[in-house]
Amino acid sequence: MKILEFPLSRITFSFVFGVLFSQFVEIKPILSWLLLTASFLVFLTVYFLSNKDKIPKNYFGIAVFILSFFIGISTVSIHNQKFNPANYNNQITDFDQKHIIEIVLRERLKSSAYSERFIALVKQVDTKESSGKILVNLYKDSLNHEYGIGQQLQFSTKVISHKKPNNPNQFDYGKYLTSKSILAQVYVAPNELKIGTIVQKDIWYYSDLLRNKIKNRLEKNHFGKEELAVAMALLLGQQQEISSEIIQDYQLSGAVHILSVSGLHVGLLMLFINFLLKPLRKNRFNSYLKLAVIISTLWFFAFIAGLSPSVVRSVTMFTFVAIGMHLNRKTNIFHTLLVSIFLILLFQPAFIVDIGFQLSYLALFFILWLQPLLASLWKPKTKVGNYVWEILTVSFAAQIGAFPLSIYYFHQFPGLFFVTNLAVLPLVSIIMYWGIFVLIIASFTDIPQFFTKALEYLIYFMNQIIKWVASVEQFIIQDISFNSYMLFSSFLLIFGVIIWFKKPTFSKLTIVLIGILCFQLSYFLSFWKHQKTNELLVFNNKRSTLISEKKNSQLTIYSDISTLKDLKNNKTIKPYLVANFSEIKNSNKLPNVLYFENKKILIVDSLGIVPDCNADILVLTHSPKINLERVFKTWKPKEVVVDASNYKTYSVAWKATCEKEKIPFHNTVEKGFYRVR
């Protein structure tokens, strides 16, 4: 590929590799600076020696790659808030005690049934100046107080560090927050809260003020609730009010990317501005004017969309794309794309693990690289045919690029994504262009009702299409087992096939065959690994007891859940099934005794019947009224396990008894699921 001949591309790849390396190996700032200094000294030495022809020139290239690799490592280390002494998480020594904390609200998140949720900046902990982001959960009260961005709050509460998931293979929300430099969270009751009189009026404050003004003016024109929620997501990147039903429909139809401002929206906006400026004569001054208008419009859009990380990332990416188009050289678009990756990760290295970042760049790269090849396969004779073919090829190219990554993260594939994109993309374009026109008017004055109703009907029509596609369940493939080995081997195969298709040769065909072999090996080895693993799990499930017995790829579930369908859709056990290439073979009621790997497991439920038998493990569920001290006088198990279906007071008392008798105690609420192998 010619893109690899561009020197900065190889530097960027080395830098990205350094950033990725630091995601798996945590390196302290002092060590990273020492490594960076050493690599820089090596770089200088090699530079002078190669200039004097004392060593081969290719040594200089190796030194550059090593230096960029360590720049990537040090960038992550510098941004890692765990090593920042001013961060609140490093200043608090006792997390079991309440602390007086002062914060400023920065970003509004989707609220829950009981609380308003924000990302906030910590200003002070107790009497000490502090810094860092924190997740704030403000419990709702009868007054329904509205909190605004920039508002200063003070409260006394415990700071809660993120916990690992309590069940196997579940999404690690704590890790996700940590990657965004949010190291802890707080829960604040209304009686603990003091609202400051001073509001921090920065760019985020004015952005939120403008969005609220636009929203109020749309509501004034009786904009439909569902349509308004989609409009706020589609045009302003605000997903706080979208119902879970709408999100699910968009997910199942393969159009969930529409609901978050991303490369698609910013790209459509850039193309629209480019179209409006097309009448300008082609000369140097107008070329620079056009570039300035496009970039300023994109960043104004980022401002009204709240300057969220995903919006800033997308606007930065397309700012460089616009520069590449302005330079008007064939390969510059790829080069500017790499420059944008380099600069974004230099300032925000945590984006490397952001799903939106990965999908946006992959989709855009494949559109630029693969779509021209697909478009050349057929030349429609009509404008309508050409337009439809253009949409299909763009959609297919983006889907091929994002396909392995979306299956890896979401474990599902919408079979009708072609239908969705063919029907929805033209609508999204119209909604975007008309919506931005409405937003501009709403920013300054009241909107004529005709304009808002037209936008509302367009969104309603799009929602109906999405709902229909999502209802055709036969074309939605769900619960696909797909791990990291299969992800990388599938990308190897896809790249191999495209490279061979562009210019078929025997050596390129070899890459395709290697890709097929690697994918097959990764699948069969993964399947074999999980096949030979036998284990029994006690899950952390609040409303019911879940115990699974895995033999090869078959699971037997012991539970008080009534139907097999409810079990398969249970959010606690579903990730485990997908990750372990497994399926539920049988479901039975909870027995009193289980035998697994020469271990006897006694299960005591709400009836509290404890048979006179020696068991290796005692499992307590649904708060049985038993006296453990009395039980232990008869026999002592090797371990006591308590799941989340028990009352907290009971669990505390049982734990104290076990500690007194020196019997290991495992509470799934505190330690997560329990495993027997």
# chains A, B, ... in the order shown; residues from 1 in each chain; ligands from 1

call {"tool": "residues_around", "arguments": {"residues": "stretch 93-109 of chain A", "least_positions_apart": "4", "cutoff": "6 Å", "atoms": "only C-alpha atoms", "output": "ChimeraX atom specification"}}
result
/A:117-126,149-159

call {"tool": "closest_atom_pairs", "arguments": {"of": "stretch 470-519 of chain A", "to": "stretch 238-249 of chain A", "cutoff": "12 Å", "atoms": "only C-alpha atoms", "output": "CSV"}}
result
residue,atom,partner,partner_atom,distance
A:Ala470,CA,A:Asp249,CA,5.3
A:Ser471,CA,A:Asp249,CA,8.0
A:Val472,CA,A:Asp249,CA,10.7
A:Glu473,CA,A:Asp249,CA,10.9
A:Ile476,CA,A:Asp249,CA,11.3

call {"tool": "write_last_selection", "arguments": {"atoms": "all heavy atoms", "output": "PDB file, in the first residue's frame"}}
result
ATOM      1  N   ALA A 470     -36.447  -3.678  12.624  1.00  0.00           N
ATOM      2  CA  ALA A 470     -36.109  -4.354  13.888  1.00  0.00           C
ATOM      3  C   ALA A 470     -37.097  -5.459  14.233  1.00  0.00           C
ATOM      4  O   ALA A 470     -36.751  -6.396  14.965  1.00  0.00           O
ATOM      5  CB  ALA A 470     -36.049  -3.335  15.025  1.00  0.00           C
ATOM      6  N   SER A 471     -38.318  -5.361  13.702  1.00  0.00           N
ATOM      7  CA  SER A 471     -39.331  -6.374  14.012  1.00  0.00           C
ATOM      8  C   SER A 471     -39.131  -7.673  13.235  1.00  0.00           C
ATOM      9  O   SER A 471     -39.694  -8.708  13.593  1.00  0.00           O
ATOM     10  CB  SER A 471     -40.728  -5.822  13.718  1.00  0.00           C
ATOM     11  OG  SER A 471     -40.899  -5.619  12.322  1.00  0.00           O
ATOM     12  N   VAL A 472     -38.329  -7.633  12.161  1.00  0.00           N
ATOM     13  CA  VAL A 472     -38.076  -8.838  11.354  1.00  0.00           C
ATOM     14  C   VAL A 472     -36.937  -9.616  12.021  1.00  0.00           C
ATOM     15  O   VAL A 472     -35.770  -9.539  11.618  1.00  0.00           O
ATOM     16  CB  VAL A 472     -37.726  -8.479   9.888  1.00  0.00           C
ATOM     17  CG1 VAL A 472     -37.671  -9.744   9.031  1.00  0.00           C
ATOM     18  CG2 VAL A 472     -38.734  -7.497   9.315  1.00  0.00           C
ATOM     19  N   GLU A 473     -37.256 -10.354  13.065  1.00  0.00           N
ATOM     20  CA  GLU A 473     -36.251 -11.007  13.908  1.00  0.00           C
ATOM     21  C   GLU A 473     -35.478 -12.105  13.190  1.00  0.00           C
ATOM     22  O   GLU A 473     -34.367 -12.451  13.593  1.00  0.00           O
ATOM     23  CB  GLU A 473     -36.932 -11.591  15.155  1.00  0.00           C
ATOM     24  CG  GLU A 473     -37.522 -10.526  16.070  1.00  0.00           C
ATOM     25  CD  GLU A 473     -38.144 -11.119  17.309  1.00  0.00           C
ATOM     26  OE1 GLU A 473     -38.102 -12.363  17.471  1.00  0.00           O
ATOM     27  OE2 GLU A 473     -38.684 -10.353  18.124  1.00  0.00           O
ATOM     28  N   ILE A 476     -32.006 -11.078  12.174  1.00  0.00           N
ATOM     29  CA  ILE A 476     -31.104 -10.538  13.199  1.00  0.00           C
ATOM     30  C   ILE A 476     -30.377 -11.702  13.875  1.00  0.00           C
ATOM     31  O   ILE A 476     -30.999 -12.528  14.542  1.00  0.00           O
ATOM     32  CB  ILE A 476     -31.880  -9.713  14.243  1.00  0.00           C
ATOM     33  CG1 ILE A 476     -32.611  -8.555  13.558  1.00  0.00           C
ATOM     34  CG2 ILE A 476     -30.922  -9.176  15.303  1.00  0.00           C
ATOM     35  CD1 ILE A 476     -33.659  -7.898  14.424  1.00  0.00           C
TER      36      ILE A 476
END

call {"tool": "select_by_dssp", "arguments": {"residues": "stretch 564-656 of chain A", "states": "strand (DSSP E)", "output": "short mmCIF file (atom, residue, chain, number, x, y, z; two decimals) with C-alpha atoms, in the first residue's frame"}}
result
data_model
loop_
_atom_site.label_atom_id
_atom_site.label_comp_id
_atom_site.auth_asym_id
_atom_site.auth_seq_id
_atom_site.Cartn_x
_atom_site.Cartn_y
_atom_site.Cartn_z
CA GLU A 583 -25.64 -23.10 25.22
CA ILE A 584 -28.16 -24.09 27.88
CA LYS A 585 -28.86 -27.82 27.65
CA ASN A 586 -31.12 -28.22 30.68
CA SER A 587 -32.76 -26.05 33.30
CA ASN A 588 -33.81 -27.54 36.64
CA VAL A 593 -27.54 -31.15 47.10
CA LEU A 594 -25.20 -30.94 44.09
CA TYR A 595 -22.08 -32.99 43.33
CA PHE A 596 -19.32 -31.48 41.22
CA LYS A 599 -17.24 -31.92 45.98
CA LYS A 600 -20.57 -32.04 47.78
CA ILE A 601 -22.50 -28.74 47.65
CA LEU A 602 -25.42 -28.18 50.01
CA ILE A 603 -27.96 -25.50 49.00
CA VAL A 604 -30.18 -23.99 51.71
CA ILE A 617 -19.57 -26.10 50.37
CA LEU A 618 -22.65 -24.53 51.94
CA VAL A 619 -24.65 -22.18 49.66
CA LEU A 620 -27.23 -19.89 51.31
CA GLU A 639 -16.52 -22.76 52.65
CA VAL A 640 -19.78 -20.81 52.95
CA VAL A 641 -21.18 -19.04 49.86
CA VAL A 642 -23.89 -16.36 50.02
#

call {"tool": "residues_around", "arguments": {"residues": "A:Lys164", "least_positions_apart": "2", "cutoff": "10 Å", "atoms": "only C-alpha atoms", "output": "list of chain:residue names"}}
result
A:Ser161, A:His162, A:Asn166, A:Asn167, A:Pro168, A:Gln170, A:Phe171, A:Asp172, A:Tyr173, A:Gly174, A:Lys175, A:Lys671, A:Gly672

call {"tool": "residues_around", "arguments": {"residues": "stretch 183-189 of chain A", "least_positions_apart": "3", "cutoff": "7 Å", "atoms": "only C-alpha atoms", "output": "PyMOL selection string"}}
result
chain A and resi 89+134-139+157-162+177-178+192-193

call {"tool": "residues_around", "arguments": {"residues": "stretch 33-45 of chain A", "least_positions_apart": "5", "cutoff": "7 Å", "atoms": "only C-alpha atoms", "output": "ChimeraX atom specification"}}
result
/A:63-64,66-67,70-71,74

call {"tool": "closest_residue", "arguments": {"among": "A:Leu405, A:Ile341, A:Ile182, A:Ala398", "to": "A:Ile367", "atoms": "only C-alpha atoms"}}
result
A:Ala398

call {"tool": "closest_residue", "arguments": {"among": "A:Pro165, A:Tyr576, A:Ile557, A:Thr75", "to": "A:Thr668", "atoms": "only C-alpha atoms"}}
result
A:Pro165

call {"tool": "residues_around", "arguments": {"residues": "A:Lys220", "least_positions_apart": "5", "cutoff": "10 Å", "atoms": "only C-alpha atoms", "output": "MDAnalysis selection string"}}
result
chainID A and resid 214:215 446:447 449

call {"tool": "write_last_selection", "arguments": {"atoms": "N, CA and C atoms", "output": "mmCIF file, in the first residue's frame"}}
result
data_model
loop_
_atom_site.group_PDB
_atom_site.id
_atom_site.type_symbol
_atom_site.label_atom_id
_atom_site.label_comp_id
_atom_site.auth_asym_id
_atom_site.auth_seq_id
_atom_site.Cartn_x
_atom_site.Cartn_y
_atom_site.Cartn_z
ATOM 1 N N ILE A 214 -32.589 25.895 22.548
ATOM 2 C CA ILE A 214 -33.099 25.241 21.336
ATOM 3 C C ILE A 214 -34.177 24.222 21.701
ATOM 4 N N LYS A 215 -33.912 23.418 22.721
ATOM 5 C CA LYS A 215 -34.859 22.385 23.147
ATOM 6 C C LYS A 215 -36.182 23.007 23.603
ATOM 7 N N ASP A 446 -37.730 32.409 17.998
ATOM 8 C CA ASP A 446 -38.732 31.343 17.928
ATOM 9 C C ASP A 446 -38.814 30.794 16.505
ATOM 10 N N ILE A 447 -39.201 29.516 16.402
ATOM 11 C CA ILE A 447 -39.218 28.841 15.104
ATOM 12 C C ILE A 447 -40.650 28.796 14.570
ATOM 13 N N GLN A 449 -43.829 27.175 13.191
ATOM 14 C CA GLN A 449 -44.292 25.816 13.480
ATOM 15 C C GLN A 449 -44.164 24.892 12.265
#

call {"tool": "closest_residue", "arguments": {"among": "A:Glu549, A:Glu597, A:Asp605, A:Asp479", "to": "A:Pro575", "atoms": "only C-alpha atoms"}}
result
A:Asp479

call {"tool": "closest_residue", "arguments": {"among": "A:Ala656, A:Ser32, A:Gly267, A:Phe417", "to": "A:Glu629", "atoms": "only C-alpha atoms"}}
result
A:Ala656

call {"tool": "closest_residue", "arguments": {"among": "A:Asn580, A:Leu291, A:Asn592, A:Ile609", "to": "A:Tyr558", "atoms": "only C-alpha atoms"}}
result
A:Asn592

call {"tool": "closest_residue", "arguments": {"among": "A:Lys28, A:His326, A:Arg313, A:His145", "to": "A:Ile294", "atoms": "only C-alpha atoms"}}
result
A:His326
